[in-house]
Protein chains: 2
Amino acid sequence: MDLTERYHAYIACLNAREIDRLGDFVRHDAVHNGRQIGLTGYQEMLNGNYRDIPDLVFNIDLLVADVELVASRIRFDCRPAATFLDLPIHGRRVIFHENVFYHFQDGKIAQVWSVIDPEEIRRQL
Amino acid sequence: MDLTERYHAYIACLNAREIDRLGDFVRHDAVHNGRQIGLTGYQEMLNGNYRDIPDLVFNIDLLVADVELVASRIRFDCRPAATFLDLPIHGRRVIFHENVFYHFQDGKIAQVWSVIDPEEIRRQL
(Lines give C-alpha, C1' and ligand atoms only; values in the text may rest on other atoms or scores of the structure.)
Protein backbone atom coordinates (compact mmCIF):
# COMPACT_ATOMS: atom_id res chain seq x y z
CA MET A 1 0.00 0.00 0.00
CA ASP A 2 1.42 3.37 -0.96
CA LEU A 3 1.58 6.41 1.27
CA THR A 4 -0.96 8.64 -0.50
CA GLU A 5 -3.65 8.42 2.17
CA ARG A 6 -1.12 8.82 4.96
CA TYR A 7 0.29 11.94 3.30
CA HIS A 8 -3.14 13.52 2.89
CA ALA A 9 -3.73 12.99 6.62
CA TYR A 10 -0.39 14.71 7.37
CA ILE A 11 -1.33 17.74 5.22
CA ALA A 12 -4.77 17.88 6.87
CA CYS A 13 -2.98 17.99 10.24
CA LEU A 14 -0.82 20.92 9.04
CA ASN A 15 -3.83 22.81 7.72
CA ALA A 16 -5.77 22.22 10.95
CA ARG A 17 -2.63 23.51 12.74
CA GLU A 18 -2.87 20.60 15.14
CA ILE A 19 0.78 20.76 16.04
CA ASP A 20 0.22 18.56 19.10
CA ARG A 21 -0.70 15.69 16.74
CA LEU A 22 2.38 16.13 14.55
CA GLY A 23 4.08 13.22 16.34
CA ASP A 24 1.57 10.92 14.62
CA PHE A 25 3.23 11.78 11.30
CA VAL A 26 6.81 12.85 12.04
CA ARG A 27 9.54 10.80 13.71
CA HIS A 28 11.24 12.13 16.84
CA ASP A 29 14.58 12.13 14.96
CA ALA A 30 13.35 13.65 11.66
CA VAL A 31 15.90 15.18 9.29
CA HIS A 32 14.90 18.25 7.20
CA ASN A 33 17.18 19.31 4.35
CA GLY A 34 20.14 17.55 5.93
CA ARG A 35 19.64 18.89 9.45
CA GLN A 36 18.35 16.62 12.21
CA ILE A 37 15.72 18.94 13.63
CA GLY A 38 13.63 16.19 15.23
CA LEU A 39 9.93 16.39 15.99
CA THR A 40 10.44 19.41 18.26
CA GLY A 41 12.36 21.30 15.59
CA TYR A 42 9.72 20.37 13.04
CA GLN A 43 7.00 21.79 15.30
CA GLU A 44 9.04 24.97 15.83
CA MET A 45 9.54 25.31 12.07
CA LEU A 46 5.78 25.04 11.45
CA ASN A 47 4.91 27.43 14.28
CA GLY A 48 7.35 29.89 12.68
CA ASN A 49 5.60 29.43 9.34
CA TYR A 50 2.15 29.98 10.87
CA ARG A 51 3.45 33.13 12.60
CA ASP A 52 5.13 34.51 9.46
CA ILE A 53 2.19 33.60 7.18
CA PRO A 54 -1.07 33.97 9.12
CA ASP A 55 -3.19 32.69 6.21
CA LEU A 56 -0.92 29.74 5.36
CA VAL A 57 -2.66 26.78 3.70
CA PHE A 58 -0.94 23.77 2.10
CA ASN A 59 -2.52 22.82 -1.26
CA ILE A 60 -1.33 19.63 -2.92
CA ASP A 61 -0.93 20.28 -6.66
CA LEU A 62 0.91 17.06 -7.60
CA LEU A 63 1.46 13.89 -5.62
CA VAL A 64 3.37 10.71 -6.37
CA ALA A 65 3.86 8.04 -3.74
CA ASP A 66 5.22 4.56 -3.33
CA VAL A 67 5.65 2.43 -0.21
CA GLU A 68 8.40 4.55 1.33
CA LEU A 69 8.70 7.82 -0.63
CA VAL A 70 6.26 10.66 -1.23
CA ALA A 71 6.89 13.48 -3.71
CA SER A 72 4.58 16.46 -3.54
CA ARG A 73 4.28 19.81 -5.26
CA ILE A 74 2.58 22.14 -2.81
CA ARG A 75 1.02 25.43 -3.85
CA PHE A 76 0.84 28.39 -1.50
CA ASP A 77 -1.43 31.37 -2.16
CA CYS A 78 -0.97 33.64 0.82
CA ARG A 79 0.07 36.94 2.32
CA PRO A 80 3.25 36.67 4.41
CA ALA A 81 3.05 39.40 7.04
CA ALA A 82 6.62 40.71 6.81
CA THR A 83 9.58 38.94 5.20
CA PHE A 84 9.71 35.41 3.83
CA LEU A 85 12.87 33.75 2.48
CA ASP A 86 14.51 37.13 3.15
CA LEU A 87 12.10 38.79 0.72
CA PRO A 88 10.16 41.88 1.83
CA ILE A 89 6.52 40.91 1.28
CA HIS A 90 4.63 42.86 3.95
CA GLY A 91 1.16 41.43 3.43
CA ARG A 92 1.16 41.31 -0.37
CA ARG A 93 -0.44 38.26 -1.94
CA VAL A 94 2.07 35.85 -3.46
CA ILE A 95 1.69 32.46 -5.10
CA PHE A 96 4.60 30.05 -4.90
CA HIS A 97 5.39 26.34 -4.84
CA GLU A 98 7.41 23.83 -2.88
CA ASN A 99 8.70 20.66 -4.55
CA VAL A 100 9.34 18.27 -1.70
CA PHE A 101 10.26 14.62 -1.11
CA TYR A 102 9.61 12.67 2.09
CA HIS A 103 11.07 9.36 3.20
CA PHE A 104 8.70 7.54 5.53
CA GLN A 105 9.72 4.89 8.05
CA ASP A 106 7.00 2.92 9.87
CA GLY A 107 4.39 5.36 8.58
CA LYS A 108 6.18 8.48 9.82
CA ILE A 109 8.29 11.10 8.08
CA ALA A 110 11.96 10.38 8.70
CA GLN A 111 13.59 12.66 6.14
CA VAL A 112 12.51 15.65 4.05
CA TRP A 113 14.15 17.22 0.98
CA SER A 114 12.37 20.49 0.26
CA VAL A 115 13.03 23.16 -2.36
CA ILE A 116 11.25 26.50 -2.82
CA ASP A 117 12.38 28.81 -5.59
CA PRO A 118 12.57 32.35 -4.20
CA GLU A 119 12.73 33.69 -7.77
CA GLU A 120 9.10 32.75 -8.28
CA ILE A 121 8.18 35.03 -5.37
CA ARG A 122 10.61 37.79 -6.35
CA ARG A 123 8.96 38.11 -9.76
CA GLN A 124 5.68 38.99 -8.02
CA LEU A 125 7.07 41.82 -5.84
CA MET B 1 3.42 -0.13 -15.61
CA ASP B 2 5.00 2.92 -14.06
CA LEU B 3 7.40 5.28 -15.79
CA THR B 4 10.59 4.44 -13.87
CA GLU B 5 12.33 2.66 -16.73
CA ARG B 6 11.24 5.28 -19.24
CA TYR B 7 12.60 8.05 -17.04
CA HIS B 8 15.97 6.32 -16.62
CA ALA B 9 16.21 6.12 -20.42
CA TYR B 10 15.47 9.87 -20.66
CA ILE B 11 18.22 10.70 -18.14
CA ALA B 12 20.65 8.40 -20.00
CA CYS B 13 19.85 10.37 -23.17
CA LEU B 14 20.63 13.65 -21.37
CA ASN B 15 23.90 12.30 -20.00
CA ALA B 16 24.91 10.96 -23.41
CA ARG B 17 24.04 14.44 -24.75
CA GLU B 18 22.14 12.81 -27.59
CA ILE B 19 20.01 15.88 -28.18
CA ASP B 20 18.91 14.53 -31.55
CA ARG B 21 17.12 11.68 -29.74
CA LEU B 22 15.31 13.99 -27.30
CA GLY B 23 12.13 13.76 -29.38
CA ASP B 24 11.86 10.13 -28.24
CA PHE B 25 11.20 11.42 -24.73
CA VAL B 26 9.80 14.96 -25.03
CA ARG B 27 6.61 16.03 -26.80
CA HIS B 28 6.78 18.66 -29.53
CA ASP B 29 4.52 20.94 -27.45
CA ALA B 30 6.22 20.42 -24.07
CA VAL B 31 5.61 22.97 -21.30
CA HIS B 32 8.43 23.79 -18.85
CA ASN B 33 7.58 25.76 -15.69
CA GLY B 34 4.47 27.17 -17.30
CA ARG B 35 6.08 28.17 -20.61
CA GLN B 36 5.37 26.19 -23.76
CA ILE B 37 8.93 25.82 -25.01
CA GLY B 38 8.25 22.76 -27.16
CA LEU B 39 10.82 20.17 -28.15
CA THR B 40 12.97 22.78 -29.87
CA GLY B 41 13.00 25.03 -26.81
CA TYR B 42 13.79 22.01 -24.63
CA GLN B 43 16.77 21.17 -26.84
CA GLU B 44 17.94 24.79 -26.72
CA MET B 45 17.63 24.80 -22.93
CA LEU B 46 19.75 21.67 -22.64
CA ASN B 47 22.35 22.91 -25.12
CA GLY B 48 22.58 26.06 -23.00
CA ASN B 49 23.09 23.93 -19.89
CA TYR B 50 25.83 21.85 -21.57
CA ARG B 51 27.55 25.06 -22.69
CA ASP B 52 27.31 26.74 -19.26
CA ILE B 53 28.31 23.57 -17.38
CA PRO B 54 30.80 21.59 -19.47
CA ASP B 55 30.97 18.71 -16.95
CA LEU B 56 27.19 18.50 -16.42
CA VAL B 57 25.91 15.07 -15.34
CA PHE B 58 22.38 14.28 -14.12
CA ASN B 59 22.40 11.95 -11.08
CA ILE B 60 19.07 10.63 -9.83
CA ASP B 61 19.04 10.77 -6.02
CA LEU B 62 15.34 10.03 -5.47
CA LEU B 63 12.70 8.79 -7.87
CA VAL B 64 8.98 8.16 -7.48
CA ALA B 65 6.82 7.30 -10.44
CA ASP B 66 3.31 6.21 -11.28
CA VAL B 67 1.64 5.70 -14.65
CA GLU B 68 1.63 9.38 -15.64
CA LEU B 69 3.80 11.33 -13.17
CA VAL B 70 7.49 11.14 -12.33
CA ALA B 71 9.06 12.98 -9.41
CA SER B 72 12.84 13.09 -9.29
CA ARG B 73 15.46 14.68 -7.10
CA ILE B 74 18.52 15.19 -9.27
CA ARG B 75 21.97 15.88 -7.84
CA PHE B 76 24.53 17.96 -9.73
CA ASP B 77 28.21 17.96 -8.78
CA CYS B 78 29.86 20.19 -11.32
CA ARG B 79 31.86 23.27 -12.22
CA PRO B 80 29.79 25.87 -14.08
CA ALA B 81 32.21 27.83 -16.27
CA ALA B 82 30.93 31.35 -15.59
CA THR B 83 27.57 32.25 -14.05
CA PHE B 84 24.68 29.95 -13.24
CA LEU B 85 21.28 31.15 -11.94
CA ASP B 86 22.89 34.61 -11.97
CA LEU B 87 25.51 33.41 -9.47
CA PRO B 88 29.20 34.01 -10.22
CA ILE B 89 30.72 30.52 -10.09
CA HIS B 90 33.62 30.70 -12.56
CA GLY B 91 34.70 27.09 -12.52
CA ARG B 92 34.33 26.42 -8.81
CA ARG B 93 32.90 23.05 -7.85
CA VAL B 94 29.33 23.24 -6.54
CA ILE B 95 26.85 20.60 -5.49
CA PHE B 96 23.16 21.34 -5.85
CA HIS B 97 19.81 19.67 -6.41
CA GLU B 98 16.74 19.95 -8.60
CA ASN B 99 13.37 18.72 -7.33
CA VAL B 100 11.33 18.16 -10.46
CA PHE B 101 7.99 16.69 -11.54
CA TYR B 102 7.14 15.47 -15.05
CA HIS B 103 3.75 14.71 -16.55
CA PHE B 104 4.03 12.10 -19.30
CA GLN B 105 1.53 11.62 -22.12
CA ASP B 106 1.90 8.61 -24.40
CA GLY B 107 5.34 7.91 -22.95
CA LYS B 108 6.68 11.42 -23.56
CA ILE B 109 7.22 14.41 -21.29
CA ALA B 110 4.36 16.88 -21.75
CA GLN B 111 4.91 19.15 -18.76
CA VAL B 112 7.74 19.85 -16.29
CA TRP B 113 7.66 21.62 -12.93
CA SER B 114 11.26 22.16 -11.84
CA VAL B 115 12.70 23.93 -8.80
CA ILE B 116 16.35 24.57 -7.95
CA ASP B 117 17.21 26.44 -4.78
CA PRO B 118 19.91 29.01 -5.60
CA GLU B 119 20.57 29.43 -1.86
CA GLU B 120 22.13 25.97 -1.77
CA ILE B 121 24.68 27.14 -4.34
CA ARG B 122 25.16 30.56 -2.77
CA ARG B 123 26.22 28.96 0.52
CA GLN B 124 29.12 27.25 -1.31
CA LEU B 125 30.55 30.40 -2.90
# chains A, B, ... in the order shown; residues from 1 in each chain; ligands from 1

call {"tool": "residues_around", "arguments": {"residues": "range 98-104 of chain A", "least_positions_apart": "6", "cutoff": "10 Å", "atoms": "only C-alpha atoms", "output": "PyMOL selection string"}}
result
(chain A and resi 3+6-7+25-27+30-33+58+60-76+110-117) or (chain B and resi 62-64+71-73+98-101+113-116)

call {"tool": "select_by_dssp", "arguments": {"residues": "chain A", "states": "strand (DSSP E or B)", "output": "MDAnalysis selection string"}}
result
chainID A and resid 26:32 35:36 59:65 69:78 83:84 87:88 94:105 108:116

call {"tool": "atom_distance", "arguments": {"atom1": "CA of Ile121 in chain A", "atom2": "CA of Glu119 in chain B"}}
result
14.0 Å

call {"tool": "select_by_dssp", "arguments": {"residues": "chain A", "states": "alpha helix (DSSP H)", "output": "number ranges by chain"}}
result
A: 4-16, 38-52, 118-122

call {"tool": "residues_around", "arguments": {"residues": "Ile19 in chain A", "least_positions_apart": "4", "cutoff": "8 Å", "atoms": "only C-alpha atoms", "output": "PyMOL selection string"}}
result
chain A and resi 13-14+43

call {"tool": "residues_around", "arguments": {"residues": "Ile53 in chain A", "least_positions_apart": "6", "cutoff": "12 Å", "atoms": "only C-alpha atoms", "output": "MDAnalysis selection string"}}
result
chainID A and resid 46:47 76:85 89:94

call {"tool": "write_last_selection", "arguments": {"atoms": "N, CA, C and O atoms", "output": "CSV table (one decimal), in the first residue's frame"}}
result
chain,number,residue,atom,x,y,z
A,46,LEU,N,7.2,24.8,11.9
A,46,LEU,CA,5.8,25.0,11.5
A,46,LEU,C,5.2,26.2,12.2
A,46,LEU,O,4.5,27.1,11.6
A,47,ASN,N,5.4,26.3,13.5
A,47,ASN,CA,4.9,27.4,14.3
A,47,ASN,C,5.5,28.7,13.7
A,47,ASN,O,4.8,29.7,13.7
A,76,PHE,N,1.2,27.4,-2.5
A,76,PHE,CA,0.8,28.4,-1.5
A,76,PHE,C,0.3,29.7,-2.2
A,76,PHE,O,0.9,30.2,-3.1
A,77,ASP,N,-0.8,30.1,-1.7
A,77,ASP,CA,-1.4,31.4,-2.2
A,77,ASP,C,-1.7,32.1,-0.9
A,77,ASP,O,-2.7,31.9,-0.2
A,78,CYS,N,-0.9,33.1,-0.5
A,78,CYS,CA,-1.0,33.6,0.8
A,78,CYS,C,-0.3,35.0,0.9
A,78,CYS,O,0.2,35.5,-0.1
A,79,ARG,N,-0.4,35.6,2.1
A,79,ARG,CA,0.1,36.9,2.3
A,79,ARG,C,1.0,36.9,3.5
A,79,ARG,O,0.6,37.3,4.6
A,80,PRO,N,2.3,36.6,3.3
A,80,PRO,CA,3.2,36.7,4.4
A,80,PRO,C,3.3,38.1,5.0
A,80,PRO,O,3.2,39.1,4.3
A,81,ALA,N,3.3,38.1,6.3
A,81,ALA,CA,3.1,39.4,7.0
A,81,ALA,C,4.2,40.4,6.9
A,81,ALA,O,4.0,41.6,6.7
A,82,ALA,N,5.4,39.8,6.9
A,82,ALA,CA,6.6,40.7,6.8
A,82,ALA,C,7.6,40.2,5.7
A,82,ALA,O,7.3,40.4,4.6
A,83,THR,N,8.7,39.5,6.2
A,83,THR,CA,9.6,38.9,5.2
A,83,THR,C,9.4,37.4,5.1
A,83,THR,O,8.9,36.8,6.1
A,84,PHE,N,9.7,36.9,4.0
A,84,PHE,CA,9.7,35.4,3.8
A,84,PHE,C,10.8,35.1,2.9
A,84,PHE,O,11.0,35.7,1.8
A,85,LEU,N,11.7,34.1,3.2
A,85,LEU,CA,12.9,33.8,2.5
A,85,LEU,C,13.7,35.0,2.2
A,85,LEU,O,14.2,35.2,1.1
A,89,ILE,N,7.8,41.2,1.9
A,89,ILE,CA,6.5,40.9,1.3
A,89,ILE,C,5.5,41.8,1.9
A,89,ILE,O,4.6,42.4,1.2
A,90,HIS,N,5.5,41.9,3.2
A,90,HIS,CA,4.6,42.9,3.9
A,90,HIS,C,3.2,42.8,3.5
A,90,HIS,O,2.6,43.8,3.1
A,91,GLY,N,2.6,41.6,3.6
A,91,GLY,CA,1.2,41.4,3.4
A,91,GLY,C,0.7,41.3,2.0
A,91,GLY,O,-0.5,41.2,1.8
A,92,ARG,N,1.6,41.5,1.0
A,92,ARG,CA,1.2,41.3,-0.4
A,92,ARG,C,0.8,39.9,-0.6
A,92,ARG,O,1.4,38.9,0.0
A,93,ARG,N,-0.1,39.6,-1.6
A,93,ARG,CA,-0.4,38.3,-1.9
A,93,ARG,C,0.6,37.7,-2.9
A,93,ARG,O,1.0,38.3,-3.9
A,94,VAL,N,1.1,36.5,-2.6
A,94,VAL,CA,2.1,35.9,-3.5
A,94,VAL,C,1.6,34.4,-3.6
A,94,VAL,O,1.0,33.8,-2.8

call {"tool": "closest_residue", "arguments": {"among": "B:Gly41, B:Gly34, B:Ala9, B:Gly48", "to": "chain A", "atoms": "only C-alpha atoms"}}
result
B:Gly34

call {"tool": "decode", "arguments": {"residues": "range 16-45 of chain A", "atoms": "N, CA and C atoms", "output": "tab-separated table (two decimals), in the first residue's frame"}}
result
chain	number	residue	atom	x	y	z
A	16	ALA	N	-4.98	22.03	9.73
A	16	ALA	CA	-5.77	22.22	10.95
A	16	ALA	C	-4.91	22.85	12.05
A	17	ARG	N	-3.61	22.95	11.78
A	17	ARG	CA	-2.63	23.51	12.74
A	17	ARG	C	-2.66	22.75	14.06
A	18	GLU	N	-2.85	21.44	13.95
A	18	GLU	CA	-2.87	20.60	15.14
A	18	GLU	C	-1.46	20.10	15.44
A	19	ILE	N	-0.63	21.03	15.82
A	19	ILE	CA	0.78	20.76	16.04
A	19	ILE	C	1.00	19.66	17.09
A	20	ASP	N	0.09	19.58	18.04
A	20	ASP	CA	0.22	18.56	19.10
A	20	ASP	C	0.12	17.15	18.53
A	21	ARG	N	-0.55	17.02	17.35
A	21	ARG	CA	-0.70	15.69	16.74
A	21	ARG	C	0.41	15.38	15.76
A	22	LEU	N	1.37	16.30	15.59
A	22	LEU	CA	2.38	16.13	14.55
A	22	LEU	C	3.20	14.85	14.76
A	23	GLY	N	3.34	14.45	16.02
A	23	GLY	CA	4.08	13.22	16.34
A	23	GLY	C	3.46	11.97	15.74
A	24	ASP	N	2.20	12.05	15.33
A	24	ASP	CA	1.57	10.92	14.62
A	24	ASP	C	2.16	10.74	13.23
A	25	PHE	N	2.78	11.80	12.70
A	25	PHE	CA	3.23	11.78	11.30
A	25	PHE	C	4.75	11.98	11.13
A	26	VAL	N	5.39	12.49	12.16
A	26	VAL	CA	6.81	12.85	12.04
A	26	VAL	C	7.60	12.13	13.14
A	27	ARG	N	8.70	11.52	12.74
A	27	ARG	CA	9.54	10.80	13.71
A	27	ARG	C	10.24	11.77	14.66
A	28	HIS	N	10.57	11.28	15.83
A	28	HIS	CA	11.24	12.13	16.84
A	28	HIS	C	12.62	12.58	16.38
A	29	ASP	N	13.21	11.81	15.41
A	29	ASP	CA	14.58	12.13	14.96
A	29	ASP	C	14.58	12.61	13.50
A	30	ALA	N	13.50	13.27	13.07
A	30	ALA	CA	13.35	13.65	11.66
A	30	ALA	C	14.47	14.58	11.19
A	31	VAL	N	14.85	14.38	9.93
A	31	VAL	CA	15.90	15.18	9.29
A	31	VAL	C	15.24	16.02	8.19
A	32	HIS	N	15.50	17.32	8.19
A	32	HIS	CA	14.90	18.25	7.20
A	32	HIS	C	16.03	18.95	6.46
A	33	ASN	N	16.11	18.71	5.17
A	33	ASN	CA	17.18	19.31	4.35
A	33	ASN	C	18.56	19.13	4.98
A	34	GLY	N	18.81	17.90	5.42
A	34	GLY	CA	20.14	17.55	5.93
A	34	GLY	C	20.38	17.86	7.38
A	35	ARG	N	19.46	18.57	8.03
A	35	ARG	CA	19.64	18.89	9.45
A	35	ARG	C	18.69	18.05	10.30
A	36	GLN	N	19.23	17.40	11.34
A	36	GLN	CA	18.35	16.62	12.21
A	36	GLN	C	17.65	17.56	13.18
A	37	ILE	N	16.45	17.97	12.81
A	37	ILE	CA	15.72	18.94	13.63
A	37	ILE	C	14.79	18.22	14.61
A	38	GLY	N	14.50	16.95	14.34
A	38	GLY	CA	13.63	16.19	15.23
A	38	GLY	C	12.19	16.70	15.19
A	39	LEU	N	11.34	16.00	15.94
A	39	LEU	CA	9.93	16.39	15.99
A	39	LEU	C	9.77	17.80	16.57
A	40	THR	N	10.54	18.09	17.61
A	40	THR	CA	10.44	19.41	18.26
A	40	THR	C	10.84	20.51	17.29
A	41	GLY	N	11.92	20.30	16.56
A	41	GLY	CA	12.36	21.30	15.59
A	41	GLY	C	11.35	21.46	14.46
A	42	TYR	N	10.74	20.35	14.09
A	42	TYR	CA	9.72	20.37	13.04
A	42	TYR	C	8.52	21.20	13.51
A	43	GLN	N	8.12	21.00	14.74
A	43	GLN	CA	7.00	21.79	15.30
A	43	GLN	C	7.37	23.27	15.38
A	44	GLU	N	8.60	23.56	15.77
A	44	GLU	CA	9.04	24.97	15.83
A	44	GLU	C	9.03	25.59	14.44
A	45	MET	N	9.52	24.81	13.45
A	45	MET	CA	9.54	25.31	12.07
A	45	MET	C	8.12	25.68	11.61
